[in-house]
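Engineer: Take a look at target31.txt, compact mmCIF, C-alpha atoms:
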```
# COMPACT_ATOMS: atom_id res chain seq x y z
CA MET G 354 62.75 11.04 -131.75
CA ASN G 355 60.54 13.28 -129.66
CA ASP G 356 57.23 14.37 -131.08
CA PRO G 357 57.82 18.10 -131.79
CA ILE G 358 54.25 18.99 -130.83
CA THR G 359 54.41 17.14 -127.53
CA ALA G 360 57.84 18.55 -126.75
CA ALA G 361 56.56 22.08 -127.24
CA VAL G 362 53.84 21.75 -124.59
CA PRO G 363 55.07 23.47 -121.39
CA LEU G 364 55.06 21.50 -118.19
CA SER G 365 52.36 22.39 -115.68
CA PRO G 366 53.67 24.01 -112.47
CA VAL G 367 54.02 20.94 -110.22
CA PRO G 368 56.15 18.72 -112.53
CA ARG G 369 58.13 21.73 -113.75
CA ARG G 370 58.94 22.89 -110.24
CA THR G 371 59.73 19.42 -108.87
CA ALA G 372 61.82 18.21 -111.82
CA PRO G 373 65.16 19.42 -110.32
CA LEU G 374 64.50 17.72 -106.97
CA THR G 375 66.89 14.84 -106.30
CA ILE G 376 65.46 12.27 -103.91
CA PRO G 377 67.24 9.06 -104.93
CA PHE G 378 65.32 6.62 -102.75
CA PRO G 379 62.98 4.23 -104.61
CA ALA G 380 59.24 4.77 -104.13
CA ARG G 381 57.34 1.51 -103.63
CA LEU G 382 53.56 1.20 -103.54
CA ASN G 383 51.93 -1.18 -101.06
CA PRO G 384 49.86 -3.71 -103.05
CA GLY G 385 47.04 -3.40 -100.50
CA VAL G 386 46.31 0.18 -101.50
CA GLU G 387 42.88 -0.47 -103.07
CA ALA G 388 41.57 -2.33 -100.04
CA ALA G 389 42.81 0.50 -97.80
CA ARG G 390 41.15 3.07 -100.07
CA ARG G 391 37.76 1.33 -99.82
CA HIS G 392 38.10 0.92 -96.06
CA THR G 393 38.84 4.61 -95.47
CA LEU G 394 36.03 5.82 -97.69
CA GLY G 395 33.65 3.75 -95.56
CA TRP G 396 35.25 5.01 -92.35
CA LEU G 397 34.90 8.67 -93.42
CA HIS G 398 31.23 8.16 -94.29
CA GLY G 399 30.63 6.32 -91.03
CA TYR G 400 31.86 9.30 -89.01
CA GLY G 401 30.13 11.91 -91.14
CA MET G 402 33.32 13.49 -92.45
CA LEU G 403 32.22 12.79 -96.03
CA CYS G 404 28.61 13.15 -97.09
CA GLY G 405 27.17 12.73 -100.57
CA GLU G 406 28.41 11.53 -103.92
CA ALA G 407 30.04 14.80 -105.02
CA ALA G 408 32.12 15.12 -101.85
CA THR G 409 33.15 11.47 -102.07
CA GLU G 410 34.26 11.83 -105.69
CA GLU G 411 36.23 14.98 -104.95
CA TYR G 412 37.96 13.40 -101.97
CA ASP G 413 38.62 10.11 -103.77
CA ALA G 414 40.25 11.89 -106.71
CA LEU G 415 43.01 13.11 -104.36
CA ARG G 416 44.07 9.49 -103.73
CA LEU G 417 45.39 10.17 -100.26
CA ASP G 418 45.45 6.41 -99.74
CA ARG G 419 48.33 6.18 -102.21
CA LEU G 420 50.43 8.51 -100.06
CA MET G 421 50.22 6.04 -97.16
CA ALA G 422 50.85 3.12 -99.51
CA TYR G 423 54.10 4.83 -100.49
CA PHE G 424 54.96 5.62 -96.87
CA TYR G 425 54.39 2.05 -95.66
CA PRO G 426 54.96 -0.29 -98.62
CA GLU G 427 55.31 -3.38 -96.40
CA ALA G 428 52.48 -2.71 -93.91
CA ASP G 429 49.87 -5.42 -93.58
CA THR G 430 46.22 -4.87 -94.49
CA THR G 431 45.13 -3.75 -91.01
CA GLU G 432 48.04 -1.39 -90.47
CA LEU G 433 47.70 0.21 -93.91
CA ALA G 434 43.96 0.75 -93.42
CA LEU G 435 44.66 2.45 -90.09
CA ALA G 436 47.34 4.61 -91.72
CA THR G 437 44.97 5.69 -94.49
CA ASP G 438 42.36 6.59 -91.86
CA PHE G 439 44.68 8.85 -89.89
CA ASN G 440 46.09 10.37 -93.07
CA ALA G 441 42.56 11.17 -94.29
CA TRP G 442 41.94 12.81 -90.94
CA PHE G 443 45.18 14.82 -91.29
CA PHE G 444 44.08 16.32 -94.59
CA LEU G 445 40.43 16.94 -93.73
CA PHE G 446 41.45 18.59 -90.48
CA ASP G 447 43.99 20.73 -92.33
CA ASP G 448 41.38 21.88 -94.83
CA GLN G 449 39.27 23.38 -92.05
CA PHE G 450 41.75 26.25 -91.78
CA ASP G 451 42.03 27.37 -95.41
CA GLY G 452 39.17 29.84 -94.93
CA GLU G 453 38.13 32.35 -92.29
CA LEU G 454 38.65 30.00 -89.36
CA GLY G 455 42.37 29.81 -90.14
CA GLN G 456 42.61 33.58 -89.64
CA CYS G 457 41.30 33.36 -86.05
CA PRO G 458 43.96 32.08 -83.63
CA GLU G 459 41.62 31.91 -80.61
CA ALA G 460 39.03 29.85 -82.45
CA VAL G 461 41.73 27.55 -83.86
CA ALA G 462 43.14 27.02 -80.37
CA HIS G 463 39.64 26.12 -79.13
CA PHE G 464 39.11 23.43 -81.76
CA VAL G 465 42.63 22.07 -81.39
CA ASP G 466 42.09 21.74 -77.65
CA ARG G 467 38.93 19.72 -78.26
CA VAL G 468 40.93 17.24 -80.32
CA VAL G 469 43.85 17.11 -77.88
CA ARG G 470 41.47 16.29 -75.01
CA THR G 471 40.48 13.05 -76.74
CA MET G 472 43.96 11.69 -75.91
CA ASP G 473 43.32 11.98 -72.17
CA ASP G 474 42.82 8.75 -70.30
CA ALA G 475 39.25 9.79 -69.48
CA PRO G 476 38.30 12.49 -72.00
CA GLU G 477 35.28 14.60 -71.14
CA LEU G 478 33.35 16.88 -73.46
CA LEU G 479 31.59 19.82 -71.90
CA PRO G 480 27.79 19.55 -72.21
CA GLU G 481 27.55 22.58 -74.50
CA GLU G 482 30.15 21.22 -76.92
CA PRO G 483 28.82 18.85 -79.57
CA ASP G 484 31.09 16.02 -80.65
CA SER G 485 32.02 17.04 -84.20
CA PRO G 486 32.81 14.38 -86.85
CA LEU G 487 36.49 15.33 -86.68
CA VAL G 488 36.67 14.93 -82.91
CA ALA G 489 34.79 11.63 -82.97
CA GLY G 490 36.94 10.36 -85.83
CA TYR G 491 40.13 11.31 -84.07
CA ARG G 492 39.02 9.56 -80.89
CA ASP G 493 38.50 6.37 -82.89
CA ILE G 494 41.95 6.66 -84.51
CA TRP G 495 43.64 7.33 -81.19
CA GLN G 496 42.04 4.34 -79.50
CA ARG G 497 42.88 1.99 -82.37
CA ILE G 498 46.47 3.14 -82.79
CA THR G 499 47.37 3.08 -79.10
CA ALA G 500 45.55 -0.13 -78.17
CA ASP G 501 48.11 -2.48 -76.58
CA ALA G 502 50.96 -0.15 -77.61
CA PRO G 503 54.00 0.01 -75.30
CA ARG G 504 53.69 2.93 -72.90
CA ALA G 505 56.98 4.54 -73.99
CA TRP G 506 55.87 4.55 -77.63
CA GLN G 507 52.40 5.82 -76.72
CA LEU G 508 53.80 8.78 -74.78
CA ARG G 509 56.15 9.73 -77.62
CA PHE G 510 53.36 9.38 -80.17
CA GLN G 511 51.05 11.54 -78.04
CA GLY G 512 53.72 14.20 -77.68
CA HIS G 513 54.24 14.35 -81.43
CA TRP G 514 50.49 14.57 -82.06
CA GLU G 515 50.13 17.38 -79.51
CA ARG G 516 52.91 19.38 -81.16
CA TYR G 517 51.38 18.76 -84.58
CA LEU G 518 47.95 19.92 -83.43
CA GLY G 519 49.33 22.89 -81.51
CA ALA G 520 51.13 24.08 -84.64
CA TYR G 521 47.76 25.04 -86.15
CA HIS G 522 47.47 27.86 -83.60
CA TRP G 523 51.00 28.97 -84.53
CA GLU G 524 50.05 28.97 -88.22
CA ALA G 525 46.92 31.02 -87.50
CA GLN G 526 49.04 33.57 -85.64
CA ASN G 527 51.39 33.77 -88.62
CA ARG G 528 48.47 34.59 -90.92
CA THR G 529 47.53 37.56 -88.77
CA ARG G 530 50.99 38.98 -88.03
CA LYS G 531 52.64 41.77 -90.00
CA GLY G 532 55.74 40.91 -92.02
CA ALA G 533 57.24 37.58 -92.99
CA LEU G 534 58.84 35.15 -90.55
CA PRO G 535 62.57 34.50 -90.95
CA LEU G 536 63.02 31.14 -92.67
CA GLU G 537 64.68 29.42 -89.70
CA GLN G 538 61.92 30.58 -87.34
CA TYR G 539 59.35 29.29 -89.84
CA LEU G 540 61.06 25.89 -90.04
CA LYS G 541 61.06 25.56 -86.26
CA GLY G 542 57.26 25.62 -86.18
CA ARG G 543 56.76 23.91 -89.52
CA ARG G 544 58.63 20.80 -88.38
CA ASP G 545 55.68 20.19 -86.08
CA SER G 546 52.90 21.18 -88.48
CA ILE G 547 54.14 18.93 -91.32
CA GLY G 548 53.18 15.82 -89.31
CA VAL G 549 56.27 13.76 -90.17
CA GLN G 550 57.03 12.69 -86.59
CA PRO G 551 53.72 10.84 -85.98
CA CYS G 552 54.20 9.16 -89.37
CA LEU G 553 57.64 7.93 -88.31
CA ASP G 554 56.19 6.70 -85.01
CA PHE G 555 53.72 4.68 -87.05
CA ALA G 556 56.64 3.14 -88.97
CA GLU G 557 57.84 1.71 -85.65
CA ARG G 558 54.38 0.26 -85.07
CA CYS G 559 54.38 -1.34 -88.52
CA GLY G 560 57.82 -2.80 -87.86
CA GLY G 561 56.82 -4.17 -84.47
CA TYR G 562 59.53 -2.43 -82.42
CA VAL G 563 60.15 0.61 -80.23
CA LEU G 564 63.52 2.28 -80.59
CA PRO G 565 65.33 3.06 -77.32
CA ARG G 566 64.65 6.55 -76.01
CA GLU G 567 68.35 7.38 -75.85
CA LEU G 568 68.60 6.90 -79.62
CA HIS G 569 65.58 9.09 -80.32
CA GLY G 570 66.86 11.95 -78.23
CA ARG G 571 70.38 12.25 -79.58
CA ALA G 572 72.36 12.56 -82.78
CA PRO G 573 72.51 11.10 -85.31
CA LEU G 574 68.93 9.75 -85.28
CA ALA G 575 67.39 13.03 -84.12
CA GLU G 576 69.26 14.84 -86.89
CA LEU G 577 67.98 12.38 -89.49
CA ARG G 578 64.42 12.95 -88.31
CA ARG G 579 64.90 16.72 -88.64
CA LEU G 580 66.29 16.39 -92.16
CA THR G 581 63.46 14.06 -93.19
CA ALA G 582 60.88 16.56 -91.93
CA GLU G 583 62.56 19.44 -93.74
CA VAL G 584 62.76 17.58 -97.06
CA VAL G 585 59.04 16.82 -96.81
CA ILE G 586 58.38 20.46 -95.86
CA PHE G 587 60.29 21.86 -98.82
CA VAL G 588 58.65 19.49 -101.30
CA ASN G 589 55.22 20.29 -99.92
CA ASP G 590 55.93 24.02 -100.04
CA ILE G 591 57.09 23.79 -103.65
CA VAL G 592 54.06 21.87 -104.89
CA SER G 593 51.48 23.73 -102.79
CA VAL G 594 52.61 27.32 -103.35
CA ASP G 595 49.82 28.14 -105.83
CA LYS G 596 47.21 26.55 -103.57
CA GLU G 597 48.42 28.54 -100.57
CA LEU G 598 48.62 31.80 -102.49
CA ALA G 599 45.00 31.21 -103.54
CA ALA G 600 44.05 30.67 -99.89
CA GLY G 601 45.96 33.75 -98.73
CA ASP G 602 48.30 31.60 -96.65
CA VAL G 603 51.82 32.64 -95.62
CA ASN G 604 53.02 29.38 -94.08
CA ASN G 605 55.25 28.36 -96.98
CA SER G 606 59.03 28.69 -97.38
CA VAL G 607 58.71 29.65 -101.05
CA ILE G 608 56.30 32.48 -100.21
CA ILE G 609 58.53 33.63 -97.33
CA LEU G 610 61.57 33.87 -99.63
CA HIS G 611 59.57 35.51 -102.39
CA ARG G 612 58.23 38.23 -100.08
CA SER G 613 61.27 38.78 -97.86
CA THR G 614 63.92 38.96 -100.60
CA GLY G 615 61.97 40.41 -103.53
CA CYS G 616 62.97 37.55 -105.83
CA THR G 617 60.45 36.12 -108.27
CA LEU G 618 58.35 33.12 -107.32
CA ASP G 619 60.32 30.88 -109.70
CA GLN G 620 63.61 32.09 -108.21
CA ALA G 621 62.31 31.31 -104.73
CA VAL G 622 61.27 27.83 -105.88
CA ARG G 623 64.74 27.18 -107.30
CA ARG G 624 66.36 28.25 -104.04
CA ILE G 625 64.13 25.93 -102.03
CA VAL G 626 64.82 23.08 -104.47
CA ARG G 627 68.56 23.52 -103.90
CA THR G 628 67.99 23.60 -100.14
CA ALA G 629 65.93 20.38 -100.29
CA ASN G 630 68.59 18.61 -102.35
CA ALA G 631 71.26 19.71 -99.85
CA ARG G 632 69.17 18.24 -97.01
CA VAL G 633 68.96 14.91 -98.87
CA ASP G 634 72.74 14.88 -99.27
CA GLN G 635 73.16 15.57 -95.55
CA PHE G 636 70.74 12.76 -94.74
CA GLN G 637 72.75 10.25 -96.75
CA GLN G 638 76.04 11.33 -95.20
CA ILE G 639 74.72 11.05 -91.64
CA ALA G 640 72.88 7.76 -92.28
CA ALA G 641 76.19 6.24 -93.38
CA THR G 642 77.60 6.88 -89.90
CA LEU G 643 74.82 5.06 -88.05
CA PRO G 644 76.26 1.50 -88.00
CA ALA G 645 79.50 2.74 -86.40
CA THR G 646 77.58 4.84 -83.87
CA LEU G 647 75.37 1.90 -82.87
CA LYS G 648 78.44 -0.28 -82.49
CA GLU G 649 80.14 2.30 -80.27
CA LEU G 650 76.99 2.45 -78.11
CA GLY G 651 76.98 -1.32 -77.77
CA MET G 652 73.51 -1.73 -79.24
CA PRO G 653 72.41 -5.36 -79.81
CA ALA G 654 71.87 -6.80 -83.28
CA ASP G 655 68.09 -6.43 -83.19
CA VAL G 656 68.40 -2.68 -82.55
CA HIS G 657 70.74 -2.42 -85.54
CA ASP G 658 67.99 -4.06 -87.63
CA HIS G 659 65.29 -1.81 -86.22
CA VAL G 660 67.31 1.34 -86.88
CA ALA G 661 67.93 0.18 -90.45
CA HIS G 662 64.16 -0.25 -90.90
CA TYR G 663 63.56 3.18 -89.39
CA VAL G 664 66.04 4.84 -91.76
CA THR G 665 64.43 3.08 -94.71
CA SER G 666 61.06 4.38 -93.47
CA MET G 667 62.43 7.93 -93.51
CA GLN G 668 63.49 7.36 -97.11
CA HIS G 669 60.00 6.08 -97.95
CA LEU G 670 58.48 9.26 -96.51
CA MET G 671 60.73 11.51 -98.58
CA SER G 672 60.38 9.65 -101.89
CA GLY G 673 56.71 8.76 -101.40
CA ASN G 674 55.75 12.34 -100.60
CA LEU G 675 57.41 13.56 -103.82
CA VAL G 676 55.87 10.91 -106.08
CA TRP G 677 52.39 11.31 -104.61
CA SER G 678 52.62 15.11 -104.81
CA GLN G 679 53.32 14.79 -108.51
CA GLU G 680 50.37 12.41 -108.97
CA THR G 681 47.58 14.02 -106.99
CA PRO G 682 45.31 16.75 -108.37
CA ARG G 683 45.38 18.46 -104.95
CA TYR G 684 48.09 20.83 -106.17
CA ASP G 685 47.17 21.27 -109.83
CA ASP G 686 44.92 24.00 -111.26
CA THR G 687 41.78 22.10 -110.24
CA GLY G 688 42.95 21.66 -106.66
CA THR G 689 44.01 25.28 -106.39
CA ALA G 690 40.62 26.46 -107.64
CA ALA G 691 38.86 24.29 -105.04
CA VAL G 692 40.91 25.44 -102.08
CA ARG G 693 38.17 27.60 -100.53
CA SER G 694 35.23 25.41 -101.48
CA ARG G 695 36.02 21.88 -100.33
CA PRO G 696 32.71 20.21 -99.39
CA TRP G 697 34.24 19.00 -96.11
CA ALA G 698 35.87 22.35 -95.22
CA GLU G 699 33.41 23.41 -92.49
CA LEU G 700 33.05 20.31 -90.34
CA PHE G 701 33.68 22.24 -87.13
CA ALA G 702 31.28 24.99 -88.12
CA ALA G 703 28.57 22.47 -89.00
CA ALA G 704 28.85 20.83 -85.58
CA ASP G 705 29.13 24.03 -83.56
CA PRO G 706 28.34 27.11 -85.68
CA GLY G 707 28.48 29.61 -82.82
CA VAL G 708 32.10 29.12 -81.77
CA PRO G 709 33.91 29.95 -85.02
CA ALA G 710 31.76 33.03 -85.49
CA ALA G 711 32.62 34.18 -82.01
CA GLY G 712 36.30 33.62 -82.70
CA ARG G 713 36.35 35.63 -85.92
CA PRO G 714 37.34 39.27 -86.08
CA ALA G 715 34.44 41.71 -86.33
CA GLY G 716 33.23 42.12 -89.88
CA SER G 717 34.89 38.94 -91.19
```
For this file, write the structure as structure tokens.

Structural biologist:
Amino acid sequence: MNDPITAAVPLSPVPRRTAPLTIPFPARLNPGVEAARRHTLGWLHGYGMLCGEAATEEYDALRLDRLMAYFYPEADTTELALATDFNAWFFLFDDQFDGELGQCPEAVAHFVDRVVRTMDDAPELLPEEPDSPLVAGYRDIWQRITADAPRAWQLRFQGHWERYLGAYHWEAQNRTRKGALPLEQYLKGRRDSIGVQPCLDFAERCGGYVLPRELHGRAPLAELRRLTAEVVIFVNDIVSVDKELAAGDVNNSVIILHRSTGCTLDQAVRRIVRTANARVDQFQQIAATLPATLKELGMPADVHDHVAHYVTSMQHLMSGNLVWSQETPRYDDTGTAAVRSRPWAELFAAADPGVPAAGRPAGS
């Protein structure tokens, strides 16, 4: 029998909003998660992205390492540590744009370009541009991830990273435009900014294979990647809506529906939940057709195995993102309250204080 007092306590927003989501793929946690956590904390300190005990405790409480342990449950120690490094970079970079900088498209484009240039074969920093902790950290990640990687995989990975980074300029433009984007137009840009494609590239690295380009560029695999990205987008938008409202952000499908249709926030959440569940159903239907498609294309047995691993990796991303989002305090009341005061939120400004000020509107 349920305890009547416990049963009467209302669910907090994240579990209440995510309860109707149906993502039936099992979430498995890599047993090397603690070693990866310790490694990444040291890496962040080594590059100056985390400084001081308070910042370390606040970052560590988010347990971003667990997200990667869910994404890559079979990765070895080295691969998981690398994944937790680039995921930490993802989130710290993202947090730079929750404040004034995120309202200044030109300044955002400047900082994004500085990161993108680190992927050049011979990157050069201009003398007047200091090497910020985020740029130096990204350079280290890029060199480690692409070392000895097949050229075809490296080029695809670079392309996905460039689209992910470029989406920050698009998001900054959205924050300064009048009126809400149509949902489909939002999803077109959000598929890049969610960062799912580089994560799926890393799944290939963990599995020790590179899928043929003709499979990547055509249905049904391309459609499965799109559906995976959209499920992750919708889950993230559902759990982060309070955080983004607190930051004054508009890049969220729940907020777009709420403002464009006049429905309540809870009604918008329920509509996005139904949309996410429909995407999962589509994913399962299309995934079931893959073996026949591969047979028709005459793909060898090892490619069949690699595609099966890749599909399982997509499932890990969807289920792992949901479970971690329900676990982390990033989206609860504490995380929402901290959205504009993260101790690592001005890493670009600390390295180069003149540029963001120049990129801000007068009086900001």

Engineer: Quick check, in Å to one decimal: how far apart do CA of Cys404 in chain G and CA of Arg695 in chain G lie?

Structural biologist: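 Between CA of Cys404 in chain G and CA of Arg695 in chain G the gap is 11.9 Å.
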
Engineer: Smallest atom-to-atom distance to Pro551 in chain G: which of G:Leu650, G:Leu670, G:Ala533, G:Leu445, using only C-alpha atoms?

Structural biologist: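 Closest candidate: G:Leu670.
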
Engineer: Write out as CSV the residues of range 618-637 of chain G that have any atom within 7 Å of an atom of range 599-608 of chain G, one row each with the nearest atom pair and its distance in Å to one decimal, counting all atoms listed in the file, sorted by chain and then rising number.

Structural biologist:
```
residue,atom,partner,partner_atom,distance
G:Ala621,CA,G:Val607,CA,5.4
G:Val622,CA,G:Val607,CA,5.8
G:Ile625,CA,G:Val607,CA,6.6
```

Engineer: Using C-alpha atoms, can you write the selected residues to a file as a JSON list (two decimals), in the frame of the given file?

Structural biologist:
```json
[["chain", "number", "residue", "atom", "x", "y", "z"],
["G", 621, "ALA", "CA", 62.31, 31.31, -104.73],
["G", 622, "VAL", "CA", 61.27, 27.83, -105.88],
["G", 625, "ILE", "CA", 64.13, 25.93, -102.03]]
```

Engineer: If I take CA of Glu699 in chain G and CA of Asp448 in chain G, how far is one from the other in Å, to one decimal?

Structural biologist: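 These two atoms are separated by 8.4 Å.
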
Engineer: With all atoms listed in the file as the atoms that count, which of G:Arg416, G:Arg369, G:Arg571, G:Arg612 lies nearest to Leu643 in chain G?

Structural biologist: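 With all atoms listed in the file as the atom set, the closest residue is G:Arg571.
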
Engineer: What does the distance from CA of Ala572 in chain G to CA of Ile639 in chain G come to in Å, to one decimal?

Structural biologist: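 If I compute the distance from CA of Ala572 in chain G to CA of Ile639 in chain G, I get 9.3 Å.
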
Engineer: With distances taken over all atoms listed in the file, which of G:Tyr423, G:Tyr400, G:Trp442, G:Tyr491 is nearest to Ala556 in chain G?

Structural biologist: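 Closest candidate: G:Tyr423.
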
Engineer: What's the 10 Å shell around Gln635 in chain G, counting all atoms listed in the file, without same-chain residues fewer than 5 positions away, as a list of chain:residue names?

Structural biologist: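 Selected residues are G:Glu576, G:Leu577, G:Leu580, G:Ala629, G:Asn630, G:Ala640.
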
Engineer: Box for range 560-570 of chain G: with edges along x, y and z, all listed atoms inside and 8 Å added on each side, what are the centre and edge lengths in Å to one decimal, as lines of an AutoDock Vina configuration file?

Structural biologist:
```
center_x = 62.7
center_y = 3.9
center_z = -81.9
size_x = 27.8
size_y = 32.1
size_z = 28.0
```

Engineer: Near Tyr425 in chain G, within 12 Å and counting all atoms listed in the file, which residues show up once chain neighbours fewer than 2 positions away are dropped, as a PyMOL selection string?

Structural biologist: chain G and resi 380-386+389+418-423+427-437+552-560+662-663+665-674

Engineer: Can you work out which one of G:Val592, G:Ala505, G:Gly395, G:Leu518 has the shortest atom-to-atom distance to Pro565 in chain G, counting all atoms listed in the file?

Structural biologist: G:Ala505

Engineer: May I have the protein, DNA and RNA residues with any atom at most 10 Å from the point (46.5, 37.8, -90.7), counting all atoms listed in the file, written as an mmCIF file with C-alpha atoms, keeping the file's coordinate frame?

Structural biologist:
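Saved result, result.cif, follows:
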```
data_model
loop_
_atom_site.group_PDB
_atom_site.id
_atom_site.type_symbol
_atom_site.label_atom_id
_atom_site.label_comp_id
_atom_site.auth_asym_id
_atom_site.auth_seq_id
_atom_site.Cartn_x
_atom_site.Cartn_y
_atom_site.Cartn_z
ATOM 1 C CA GLY G 455 42.370 29.810 -90.140
ATOM 2 C CA GLN G 456 42.610 33.580 -89.640
ATOM 3 C CA CYS G 457 41.300 33.360 -86.050
ATOM 4 C CA PRO G 458 43.960 32.080 -83.630
ATOM 5 C CA GLU G 524 50.050 28.970 -88.220
ATOM 6 C CA ALA G 525 46.920 31.020 -87.500
ATOM 7 C CA GLN G 526 49.040 33.570 -85.640
ATOM 8 C CA ASN G 527 51.390 33.770 -88.620
ATOM 9 C CA ARG G 528 48.470 34.590 -90.920
ATOM 10 C CA THR G 529 47.530 37.560 -88.770
ATOM 11 C CA ARG G 530 50.990 38.980 -88.030
ATOM 12 C CA LYS G 531 52.640 41.770 -90.000
ATOM 13 C CA GLY G 532 55.740 40.910 -92.020
ATOM 14 C CA GLY G 601 45.960 33.750 -98.730
ATOM 15 C CA ASP G 602 48.300 31.600 -96.650
ATOM 16 C CA VAL G 603 51.820 32.640 -95.620
#
```

Engineer: Would you please work out which residue, of G:Phe587, G:Trp396, G:Phe510, G:Tyr562, is nearest to Leu487 in chain G when using all atoms listed in the file?

Structural biologist: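 Of G:Phe587, G:Trp396, G:Phe510, G:Tyr562, the one nearest Leu487 in chain G, counting all atoms listed in the file, is G:Trp396.
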
Engineer: Within 12 Å of (34.1, 13.1, -84.5) (coordinates as in the file), grab all the protein and nucleic acid residues, counting all atoms listed in the file, and write them out as a count of residues only.

Structural biologist: 34
